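Enquirer: One structure, pasted below without further comment.
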Amino acid sequence: MNRIREELDFLSTYLVSSAPAGSSVTIRETHMSFVLICDQRVLKFKKPVRMPFVDFTSVRARENNCREEVRLNRRLAPDVYKRVIPLRRLDDGQLGFGGRGEVIDWLVEMRRLPDECLMDVMLREKRLTPRHVQLLADRLTEFYRSAPSPRLDAEQHFRALEHQQDLNRQVLEHADYGFDRSAARHALDRIDTHLAVFRPAILQRIVEGRFVEGHGDLRPEHVCFTEPLVIFDCLEFDPTLRMLDPFDEIAFLGMECSFLGASDIAATVFRQLTARLEGPASPPLFAFYGAFRATMRARMALSHLLDGSAKEASPWIDKTDRYIRLALEHLEQTGTGQPGPITQRLSHNCDRKA
């Protein structure tokens with residue numbers, strides 16, 4: 001039997017056996033993991049995959065990643081990530097958690113969060129209020145104020161940004177799946193221009209210690225408005241991608257909220273953190289961060305077609321086009337030409353602060 005299938009069957013049976021009668025298991029698959037959800041429990045294990053940015057082919061590598069995932073996510077979701085569990089091949093050949101036998105895999109055990117409290121769900125259902133946004137800004141302020149500020153090689157870190165842009169070009173310029181390649185090329189060219197323009201500002205922010213070890217994947221679906229608010233599923237596999245400008249991270253969140261139809265959240269959170277964090281980013285740089293993130297997300301959407309993981313092409317083509325349009329909209333707010341609505345809101349907020 002395929003080992004992953006065997007593991008999924010065992011874990012499904014295990015979860016149902018310890019859940020209330022009538023419970024069932026939902027299995028969700030990502031590029032790198034399987035997540036099993038049953039009643040109030042969640043179990044997650046890594047696929048034994050090798051990718052350009054990660055190698056999970058060994059048991060030790062999967063163990064290390066599970067432990068990092070728990071450690072890092074306990075910063076913003078301390079009661080959600082419970083423990084790391086070894087899965088064994090027992091002496092009788094069966095899978096199990098206790099007893100003697102070789103450890104063949106590692107799992108992260110988590111507490112299930114209510115879907116109705118997730119930020120993306122609340123945005124889609126028009127239930128997110130200014131109070132929720134205030135709570136989120138409060139939590140992020142606390143997090144960024146206490147986050148370590150690593151010593152970074154500014155030039156090397158900027159080259160990492162340029163590398164991400166190179167990856168954007170490799171995918172968006174050469175793939176042909178029916179998306180708007182002309183718009184993509186236009187966005188990529190403008191990103192190149194703006195990278196050069198904002199290079200001194202970004203390097204200065206790194207040198208001044210404005211960068212912190214952040215969440216790394218701050219999207220609405222990773223924010224849950226329980227009591228207390230939790231932010232989960234941080235980027236754990238590459239520390240370089242967690243070393244970032246807090247205003248880059250909230251620009252990413254704001255851009256994703258715009259993708260869901262809530263374009264005002266970026267300006268609101270920017271205003272809150274500008275008033276609270278030392279050395280805020282300028283409105284044009286904040287807008288550029290949003291454009292850069294939107295271009296990366298366009299690349300990632302299209303990658304689902306390139307790697308064959310997408311069951312249908314049209315949703316991912318639509319996402320690619322929408323992210324490219326968002327990138328172009330944000331680029332219009334960076335100080336070239338007439339200021340658009342985003343820049344007007346951000347500048348107004350900064351003027352009020354001053």
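In the structure tokens, each chain is lettered A, B, ... as it comes, each chain's residues begin at 1, and ligands are numbered from 1 in order of appearance.
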Please run DSSP on the backbone and report, as a short mmCIF file (atom, residue, chain, number, x, y, z; two decimals) with C-alpha atoms, in the first residue's frame, all residues within stretch 26-59 of chain A that come out as strand (DSSP E).

Expert:
```
data_model
loop_
_atom_site.label_atom_id
_atom_site.label_comp_id
_atom_site.auth_asym_id
_atom_site.auth_seq_id
_atom_site.Cartn_x
_atom_site.Cartn_y
_atom_site.Cartn_z
CA THR A 26 -12.05 16.09 6.33
CA ILE A 27 -8.72 15.83 4.51
CA ARG A 28 -7.15 18.90 2.96
CA GLU A 29 -4.08 18.71 0.74
CA SER A 33 1.20 18.77 3.65
CA PHE A 34 -1.91 16.80 4.43
CA VAL A 35 -4.27 18.18 7.07
CA LEU A 36 -6.89 15.97 8.73
CA ILE A 37 -9.77 17.64 10.61
CA CYS A 38 -12.20 15.80 12.88
CA ARG A 41 -8.84 18.08 16.52
CA VAL A 42 -6.46 18.68 13.62
CA LEU A 43 -3.49 16.54 12.61
CA LYS A 44 -1.01 17.63 9.97
CA PHE A 45 1.91 15.81 8.36
CA LYS A 46 4.40 16.82 5.70
CA ARG A 50 11.78 17.78 -2.55
CA MET A 51 11.24 21.24 -4.05
CA VAL A 54 12.56 22.69 0.70
CA ASP A 55 13.55 19.03 1.11
#
```

Enquirer: Please identify all polymer residues within 10 Å of A:Thr141, counting only C-alpha atoms, omitting same-chain residues fewer than 6 positions from it, and present them as a PyMOL selection string.

Expert: chain A and resi 135+147+246+269+272-277

Enquirer: Next, write the just-selected residues to a file, as a tab-separated table (two decimals), in the first residue's frame, keeping N, CA and C atoms as the atom set.

Expert:
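Saved file selection.tsv follows:
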```
chain	number	residue	atom	x	y	z
A	135	LEU	N	-8.86	45.35	16.63
A	135	LEU	CA	-8.27	44.25	17.40
A	135	LEU	C	-7.06	43.67	16.67
A	147	ALA	N	8.92	41.59	18.34
A	147	ALA	CA	9.62	40.67	17.44
A	147	ALA	C	11.10	41.00	17.36
A	246	PRO	N	7.73	45.16	8.66
A	246	PRO	CA	6.33	45.00	9.08
A	246	PRO	C	5.34	45.64	8.13
A	269	VAL	N	-5.20	49.82	8.61
A	269	VAL	CA	-4.13	49.20	9.38
A	269	VAL	C	-2.83	50.00	9.23
A	272	GLN	N	-3.00	52.84	11.65
A	272	GLN	CA	-2.82	52.40	13.03
A	272	GLN	C	-1.35	52.11	13.33
A	273	LEU	N	-0.68	51.38	12.44
A	273	LEU	CA	0.70	51.00	12.73
A	273	LEU	C	1.67	52.15	12.50
A	274	THR	N	1.33	53.06	11.60
A	274	THR	CA	2.16	54.25	11.41
A	274	THR	C	2.22	55.07	12.70
A	275	ALA	N	1.10	55.12	13.41
A	275	ALA	CA	1.05	55.89	14.65
A	275	ALA	C	1.74	55.17	15.80
A	276	ARG	N	1.96	53.87	15.68
A	276	ARG	CA	2.43	53.10	16.83
A	276	ARG	C	3.84	52.54	16.70
A	277	LEU	N	4.29	52.29	15.47
A	277	LEU	CA	5.61	51.70	15.28
A	277	LEU	C	6.63	52.78	14.94
```

Enquirer: Rounded to one decimal place, report the atom CA of A:Glu69-atom CA of A:Cys234 distance in Å.

Expert: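 Those two atoms sit 7.6 Å apart.
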
Enquirer: Write out as a ChimeraX atom specification the residues lying within 9 Å of A:Gly290, counting only C-alpha atoms and excluding same-chain residues fewer than 5 positions away.

Expert: /A:248-256,285,295,326-327,330-331

Enquirer: Per residue of stretch 93-203 of chain A within 10 Å of stretch 210-230 of chain A, which atom pair is closest and at what distance in Å (one decimal), using only C-alpha atoms, listed by chain and increasing number, as a tab-separated table?

Expert:
```
residue	atom	partner	partner_atom	distance
A:Leu113	CA	A:Cys224	CA	7.4
A:Pro114	CA	A:Cys224	CA	7.9
A:Asp115	CA	A:Cys224	CA	8.2
A:Glu116	CA	A:Cys224	CA	8.7
A:Cys117	CA	A:Phe225	CA	5.1
A:Leu118	CA	A:Cys224	CA	4.4
A:Met119	CA	A:Pro220	CA	4.9
A:Asp120	CA	A:Pro220	CA	4.9
A:Val121	CA	A:Glu221	CA	7.6
A:Met122	CA	A:Pro220	CA	9.3
A:Leu123	CA	A:Pro220	CA	8.6
A:Leu128	CA	A:Phe225	CA	9.6
A:His132	CA	A:Phe225	CA	7.4
A:Val133	CA	A:Phe225	CA	9.9
A:Leu135	CA	A:Leu229	CA	7.6
A:Leu136	CA	A:Leu229	CA	7.5
A:Arg139	CA	A:Leu229	CA	7.8
A:Leu140	CA	A:Gly214	CA	9.8
A:Phe143	CA	A:Gly214	CA	8.3
A:Tyr144	CA	A:Val212	CA	7.2
A:Arg145	CA	A:Val212	CA	9.1
A:Ser146	CA	A:Val212	CA	9.2
A:Ala147	CA	A:Val212	CA	6.0
A:Pro148	CA	A:Val212	CA	5.7
A:Ser149	CA	A:Val212	CA	4.3
A:Pro150	CA	A:Val212	CA	6.3
A:Arg151	CA	A:Phe211	CA	8.9
A:Leu152	CA	A:Phe211	CA	8.5
A:Ile202	CA	A:Arg210	CA	9.5
```

Enquirer: For A:Gly22, list every protein, DNA or RNA residue within 10 Å, evaluated using only C-alpha atoms, and leave out those in the same chain fewer than 3 positions away; present the list as a ChimeraX atom specification.

Expert: /A:16,19,39

Enquirer: Take the selection from the previous step and output its residues with all heavy atoms, as a tab-separated table (two decimals), in the first residue's frame.

Expert:
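Contents of out_34.tsv, as written:
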```
chain	number	residue	atom	x	y	z
A	16	VAL	N	-11.49	9.38	14.17
A	16	VAL	CA	-12.91	9.04	14.33
A	16	VAL	C	-13.12	8.24	15.61
A	16	VAL	O	-14.12	8.42	16.33
A	16	VAL	CB	-13.41	8.26	13.11
A	16	VAL	CG1	-14.79	7.64	13.38
A	16	VAL	CG2	-13.49	9.17	11.89
A	19	ALA	N	-13.41	10.56	18.59
A	19	ALA	CA	-14.32	11.70	18.44
A	19	ALA	C	-15.74	11.28	18.80
A	19	ALA	O	-16.05	10.09	18.89
A	19	ALA	CB	-14.28	12.22	17.00
A	39	ASP	N	-13.89	16.78	14.28
A	39	ASP	CA	-14.43	17.42	15.47
A	39	ASP	C	-13.55	18.61	15.84
A	39	ASP	O	-13.39	19.52	15.03
A	39	ASP	CB	-14.56	16.39	16.61
A	39	ASP	CG	-15.36	16.93	17.78
A	39	ASP	OD1	-16.40	17.56	17.54
A	39	ASP	OD2	-14.94	16.74	18.94
```

Enquirer: Let me make sure I understand: among A:Asp153, A:Glu125, A:Asp245, A:Glu173, which one has the smallest atom-to-atom distance to A:Leu260 if we use only C-alpha atoms?

Expert: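 Looking only at the distances to A:Leu260, the closest residue turns out to be A:Glu125.
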
Enquirer: Step one, run DSSP on the backbone; step two, keep only residues of stretch 46-84 of chain A assigned to helix (DSSP H, G or I); then write them as a PyMOL selection string.

Expert: chain A and resi 59-73

Enquirer: Atoms to include: all heavy atoms. Write the selected residues as a compact mmCIF listing (two decimals), in the first residue's frame.

Expert:
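Okay, this is what ended up in part-v5.txt:
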```
# COMPACT_ATOMS: atom_id res chain seq x y z
N VAL A 59 12.96 11.64 7.28
CA VAL A 59 12.15 11.73 8.50
C VAL A 59 12.67 12.84 9.40
O VAL A 59 11.90 13.60 10.00
CB VAL A 59 12.14 10.38 9.25
CG1 VAL A 59 11.40 10.50 10.58
CG2 VAL A 59 11.49 9.30 8.39
N ARG A 60 13.99 12.98 9.51
CA ARG A 60 14.57 14.01 10.35
C ARG A 60 14.18 15.42 9.87
O ARG A 60 13.87 16.29 10.68
CB ARG A 60 16.10 13.87 10.37
CG ARG A 60 16.84 14.99 11.11
CD ARG A 60 16.44 15.05 12.57
NE ARG A 60 16.77 13.86 13.28
CZ ARG A 60 17.96 13.60 13.83
NH1 ARG A 60 18.95 14.47 13.71
NH2 ARG A 60 18.16 12.49 14.50
N ALA A 61 14.18 15.63 8.56
CA ALA A 61 13.80 16.94 8.02
C ALA A 61 12.34 17.26 8.34
O ALA A 61 12.00 18.39 8.69
CB ALA A 61 14.04 16.99 6.51
N ARG A 62 11.47 16.25 8.25
CA ARG A 62 10.06 16.47 8.55
C ARG A 62 9.86 16.73 10.05
O ARG A 62 9.03 17.56 10.44
CB ARG A 62 9.21 15.30 8.07
CG ARG A 62 9.26 15.12 6.54
CD ARG A 62 8.15 14.24 6.01
NE ARG A 62 8.21 12.86 6.46
CZ ARG A 62 8.98 11.92 5.94
NH1 ARG A 62 9.78 12.22 4.91
NH2 ARG A 62 8.95 10.68 6.40
N GLU A 63 10.63 16.04 10.88
CA GLU A 63 10.56 16.30 12.32
C GLU A 63 10.99 17.74 12.63
O GLU A 63 10.31 18.46 13.37
CB GLU A 63 11.45 15.33 13.09
CG GLU A 63 11.48 15.63 14.59
CD GLU A 63 12.53 14.84 15.35
OE1 GLU A 63 13.27 14.07 14.72
OE2 GLU A 63 12.61 15.00 16.58
N ASN A 64 12.11 18.14 12.08
CA ASN A 64 12.61 19.50 12.34
C ASN A 64 11.60 20.54 11.90
O ASN A 64 11.38 21.55 12.59
CB ASN A 64 13.94 19.72 11.61
CG ASN A 64 15.06 18.91 12.21
OD1 ASN A 64 14.98 18.45 13.36
ND2 ASN A 64 16.14 18.72 11.45
N ASN A 65 10.97 20.31 10.75
CA ASN A 65 10.00 21.29 10.26
C ASN A 65 8.76 21.33 11.15
O ASN A 65 8.23 22.42 11.42
CB ASN A 65 9.61 20.96 8.82
CG ASN A 65 8.68 22.00 8.23
OD1 ASN A 65 7.47 21.85 8.25
ND2 ASN A 65 9.25 23.09 7.72
N CYS A 66 8.30 20.18 11.61
CA CYS A 66 7.15 20.15 12.52
C CYS A 66 7.45 20.92 13.80
O CYS A 66 6.61 21.69 14.29
CB CYS A 66 6.77 18.71 12.84
SG CYS A 66 5.94 17.81 11.50
N ARG A 67 8.64 20.72 14.34
CA ARG A 67 9.00 21.41 15.58
C ARG A 67 9.10 22.92 15.36
O ARG A 67 8.69 23.72 16.21
CB ARG A 67 10.29 20.84 16.14
CG ARG A 67 10.17 19.38 16.57
CD ARG A 67 11.33 18.92 17.42
NE ARG A 67 11.22 17.50 17.74
CZ ARG A 67 10.42 17.01 18.69
NH1 ARG A 67 9.66 17.83 19.42
NH2 ARG A 67 10.38 15.71 18.93
N GLU A 68 9.64 23.33 14.21
CA GLU A 68 9.70 24.75 13.88
C GLU A 68 8.31 25.32 13.71
O GLU A 68 8.03 26.45 14.13
CB GLU A 68 10.51 24.98 12.60
CG GLU A 68 11.97 25.27 12.77
CD GLU A 68 12.24 26.55 13.54
OE1 GLU A 68 12.26 26.47 14.78
OE2 GLU A 68 12.43 27.62 12.93
N GLU A 69 7.44 24.56 13.07
CA GLU A 69 6.08 25.05 12.86
C GLU A 69 5.38 25.33 14.18
O GLU A 69 4.73 26.37 14.35
CB GLU A 69 5.27 24.02 12.05
CG GLU A 69 3.84 24.44 11.80
CD GLU A 69 3.09 23.54 10.85
OE1 GLU A 69 3.72 22.64 10.27
OE2 GLU A 69 1.88 23.75 10.68
N VAL A 70 5.53 24.41 15.15
CA VAL A 70 4.91 24.62 16.46
C VAL A 70 5.55 25.79 17.18
O VAL A 70 4.87 26.67 17.72
CB VAL A 70 4.99 23.33 17.29
CG1 VAL A 70 4.54 23.59 18.74
CG2 VAL A 70 4.13 22.24 16.68
N ARG A 71 6.86 25.84 17.20
CA ARG A 71 7.57 26.92 17.91
C ARG A 71 7.19 28.29 17.36
O ARG A 71 6.85 29.21 18.12
CB ARG A 71 9.08 26.72 17.78
CG ARG A 71 9.90 27.80 18.50
CD ARG A 71 11.38 27.66 18.23
NE ARG A 71 11.75 28.05 16.86
CZ ARG A 71 11.96 29.31 16.48
NH1 ARG A 71 11.82 30.32 17.34
NH2 ARG A 71 12.31 29.59 15.22
N LEU A 72 7.21 28.44 16.05
CA LEU A 72 6.95 29.75 15.45
C LEU A 72 5.49 30.16 15.59
O LEU A 72 5.18 31.32 15.86
CB LEU A 72 7.36 29.73 13.98
CG LEU A 72 8.87 29.66 13.74
CD1 LEU A 72 9.15 29.25 12.28
CD2 LEU A 72 9.53 31.00 14.03
N ASN A 73 4.58 29.21 15.41
CA ASN A 73 3.17 29.57 15.46
C ASN A 73 2.67 29.84 16.87
O ASN A 73 1.65 30.52 17.05
CB ASN A 73 2.32 28.49 14.79
CG ASN A 73 2.29 28.63 13.28
OD1 ASN A 73 1.73 29.59 12.76
ND2 ASN A 73 2.91 27.69 12.58
```

Enquirer: Using only C-alpha atoms for the distances, tell me which of A:Leu8, A:Val25, A:Leu203, A:Leu172 is nearest to A:Leu302.

Expert: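 For A:Leu302, the nearest of the candidates is A:Leu172.
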
Enquirer: Interatomic distance between atom CA of A:Arg242 and atom CA of A:Pro280?

Expert: 18.4 Å

Enquirer: Between atom CA of A:Trp316 and atom CA of A:Ala298, what distance in Å does the model show, to one decimal?

Expert: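 Straight-line distance from atom CA of A:Trp316 to atom CA of A:Ala298 works out to 9.0 Å.
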
Enquirer: Hey, what's within 12 Å of A:Arg185 if we count only C-alpha atoms and toss same-chain stuff fewer than 6 positions away? As a PDB file with N, CA, C and O atoms, in the first residue's frame, please?

Expert:
```
ATOM      1  N   GLN A 165      11.611  38.529  -7.897  1.00  0.00           N
ATOM      2  CA  GLN A 165      11.163  39.152  -9.141  1.00  0.00           C
ATOM      3  C   GLN A 165      11.607  38.346 -10.355  1.00  0.00           C
ATOM      4  O   GLN A 165      10.870  38.216 -11.336  1.00  0.00           O
ATOM      5  N   ASN A 168       9.197  35.654 -10.646  1.00  0.00           N
ATOM      6  CA  ASN A 168       7.947  36.177 -11.219  1.00  0.00           C
ATOM      7  C   ASN A 168       8.026  36.209 -12.745  1.00  0.00           C
ATOM      8  O   ASN A 168       7.095  35.792 -13.442  1.00  0.00           O
ATOM      9  N   ARG A 169       9.153  36.683 -13.264  1.00  0.00           N
ATOM     10  CA  ARG A 169       9.318  36.766 -14.724  1.00  0.00           C
ATOM     11  C   ARG A 169       9.353  35.370 -15.351  1.00  0.00           C
ATOM     12  O   ARG A 169       8.745  35.150 -16.408  1.00  0.00           O
ATOM     13  N   GLN A 170      10.086  34.462 -14.733  1.00  0.00           N
ATOM     14  CA  GLN A 170      10.201  33.115 -15.298  1.00  0.00           C
ATOM     15  C   GLN A 170       8.833  32.484 -15.507  1.00  0.00           C
ATOM     16  O   GLN A 170       8.594  31.804 -16.506  1.00  0.00           O
ATOM     17  N   VAL A 171       7.921  32.706 -14.571  1.00  0.00           N
ATOM     18  CA  VAL A 171       6.598  32.087 -14.658  1.00  0.00           C
ATOM     19  C   VAL A 171       5.646  32.920 -15.510  1.00  0.00           C
ATOM     20  O   VAL A 171       5.017  32.413 -16.449  1.00  0.00           O
ATOM     21  N   LEU A 172       5.538  34.205 -15.218  1.00  0.00           N
ATOM     22  CA  LEU A 172       4.498  35.028 -15.840  1.00  0.00           C
ATOM     23  C   LEU A 172       4.808  35.428 -17.274  1.00  0.00           C
ATOM     24  O   LEU A 172       3.897  35.711 -18.054  1.00  0.00           O
ATOM     25  N   GLU A 173       6.088  35.447 -17.647  1.00  0.00           N
ATOM     26  CA  GLU A 173       6.428  35.805 -19.029  1.00  0.00           C
ATOM     27  C   GLU A 173       6.402  34.610 -19.971  1.00  0.00           C
ATOM     28  O   GLU A 173       6.188  34.776 -21.169  1.00  0.00           O
ATOM     29  N   HIS A 174       6.620  33.428 -19.441  1.00  0.00           N
ATOM     30  CA  HIS A 174       6.835  32.281 -20.333  1.00  0.00           C
ATOM     31  C   HIS A 174       5.690  31.276 -20.333  1.00  0.00           C
ATOM     32  O   HIS A 174       5.614  30.440 -21.226  1.00  0.00           O
ATOM     33  N   ALA A 175       4.833  31.342 -19.338  1.00  0.00           N
ATOM     34  CA  ALA A 175       3.678  30.442 -19.334  1.00  0.00           C
ATOM     35  C   ALA A 175       2.598  31.005 -20.254  1.00  0.00           C
ATOM     36  O   ALA A 175       2.458  32.224 -20.393  1.00  0.00           O
ATOM     37  N   PHE A 179      -4.070  33.727 -19.711  1.00  0.00           N
ATOM     38  CA  PHE A 179      -4.174  34.939 -18.906  1.00  0.00           C
ATOM     39  C   PHE A 179      -3.625  36.122 -19.700  1.00  0.00           C
ATOM     40  O   PHE A 179      -3.062  35.947 -20.792  1.00  0.00           O
ATOM     41  N   ILE A 191       7.488  46.863 -11.984  1.00  0.00           N
ATOM     42  CA  ILE A 191       8.081  46.387 -10.726  1.00  0.00           C
ATOM     43  C   ILE A 191       9.600  46.547 -10.780  1.00  0.00           C
ATOM     44  O   ILE A 191      10.240  46.996  -9.812  1.00  0.00           O
ATOM     45  N   ASP A 192      10.205  46.173 -11.914  1.00  0.00           N
ATOM     46  CA  ASP A 192      11.659  46.356 -12.067  1.00  0.00           C
ATOM     47  C   ASP A 192      12.053  47.820 -11.851  1.00  0.00           C
ATOM     48  O   ASP A 192      13.015  48.115 -11.131  1.00  0.00           O
ATOM     49  N   THR A 295       2.115  40.652  -7.392  1.00  0.00           N
ATOM     50  CA  THR A 295       2.801  39.985  -8.499  1.00  0.00           C
ATOM     51  C   THR A 295       3.264  38.593  -8.090  1.00  0.00           C
ATOM     52  O   THR A 295       3.149  37.638  -8.868  1.00  0.00           O
ATOM     53  N   ASP A 321      -5.036  36.803 -13.344  1.00  0.00           N
ATOM     54  CA  ASP A 321      -5.402  38.096 -13.925  1.00  0.00           C
ATOM     55  C   ASP A 321      -5.791  39.107 -12.847  1.00  0.00           C
ATOM     56  O   ASP A 321      -5.419  40.286 -12.929  1.00  0.00           O
ATOM     57  N   ILE A 324      -2.702  40.386 -11.073  1.00  0.00           N
ATOM     58  CA  ILE A 324      -1.956  41.315 -11.942  1.00  0.00           C
ATOM     59  C   ILE A 324      -2.637  42.675 -11.962  1.00  0.00           C
ATOM     60  O   ILE A 324      -1.969  43.723 -11.887  1.00  0.00           O
ATOM     61  N   ARG A 325      -3.959  42.685 -12.044  1.00  0.00           N
ATOM     62  CA  ARG A 325      -4.672  43.965 -12.009  1.00  0.00           C
ATOM     63  C   ARG A 325      -4.445  44.677 -10.676  1.00  0.00           C
ATOM     64  O   ARG A 325      -4.257  45.903 -10.639  1.00  0.00           O
ATOM     65  N   ALA A 327      -1.801  44.398  -8.802  1.00  0.00           N
ATOM     66  CA  ALA A 327      -0.427  44.913  -8.830  1.00  0.00           C
ATOM     67  C   ALA A 327      -0.375  46.243  -9.569  1.00  0.00           C
ATOM     68  O   ALA A 327       0.248  47.208  -9.095  1.00  0.00           O
ATOM     69  N   LEU A 328      -1.037  46.311 -10.713  1.00  0.00           N
ATOM     70  CA  LEU A 328      -1.029  47.556 -11.490  1.00  0.00           C
ATOM     71  C   LEU A 328      -1.741  48.685 -10.743  1.00  0.00           C
ATOM     72  O   LEU A 328      -1.302  49.839 -10.770  1.00  0.00           O
TER      73      LEU A 328
END
```

Enquirer: From the options A:Asp91, A:Glu7, A:Asp79, A:Asp318, which residue's atoms come nearest to A:Glu109, counting only C-alpha atoms?

Expert: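 Once distances to A:Glu109 are computed over only C-alpha atoms, the minimum belongs to A:Asp79.
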
Enquirer: With only C-alpha atoms as the basis for distance, which of A:Cys257, A:Phe56, A:Glu278, A:Ala196 is at the shortest distance from A:Leu161?

Expert: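 Looking only at the distances to A:Leu161, the closest residue turns out to be A:Ala196.
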
Enquirer: Using only C-alpha atoms, which of A:Asn2, A:Pro284, A:Arg297, A:Asp307 sits nearest A:Val197?

Expert: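 When distances to A:Val197 are compared using only C-alpha atoms, the smallest one comes from A:Pro284.
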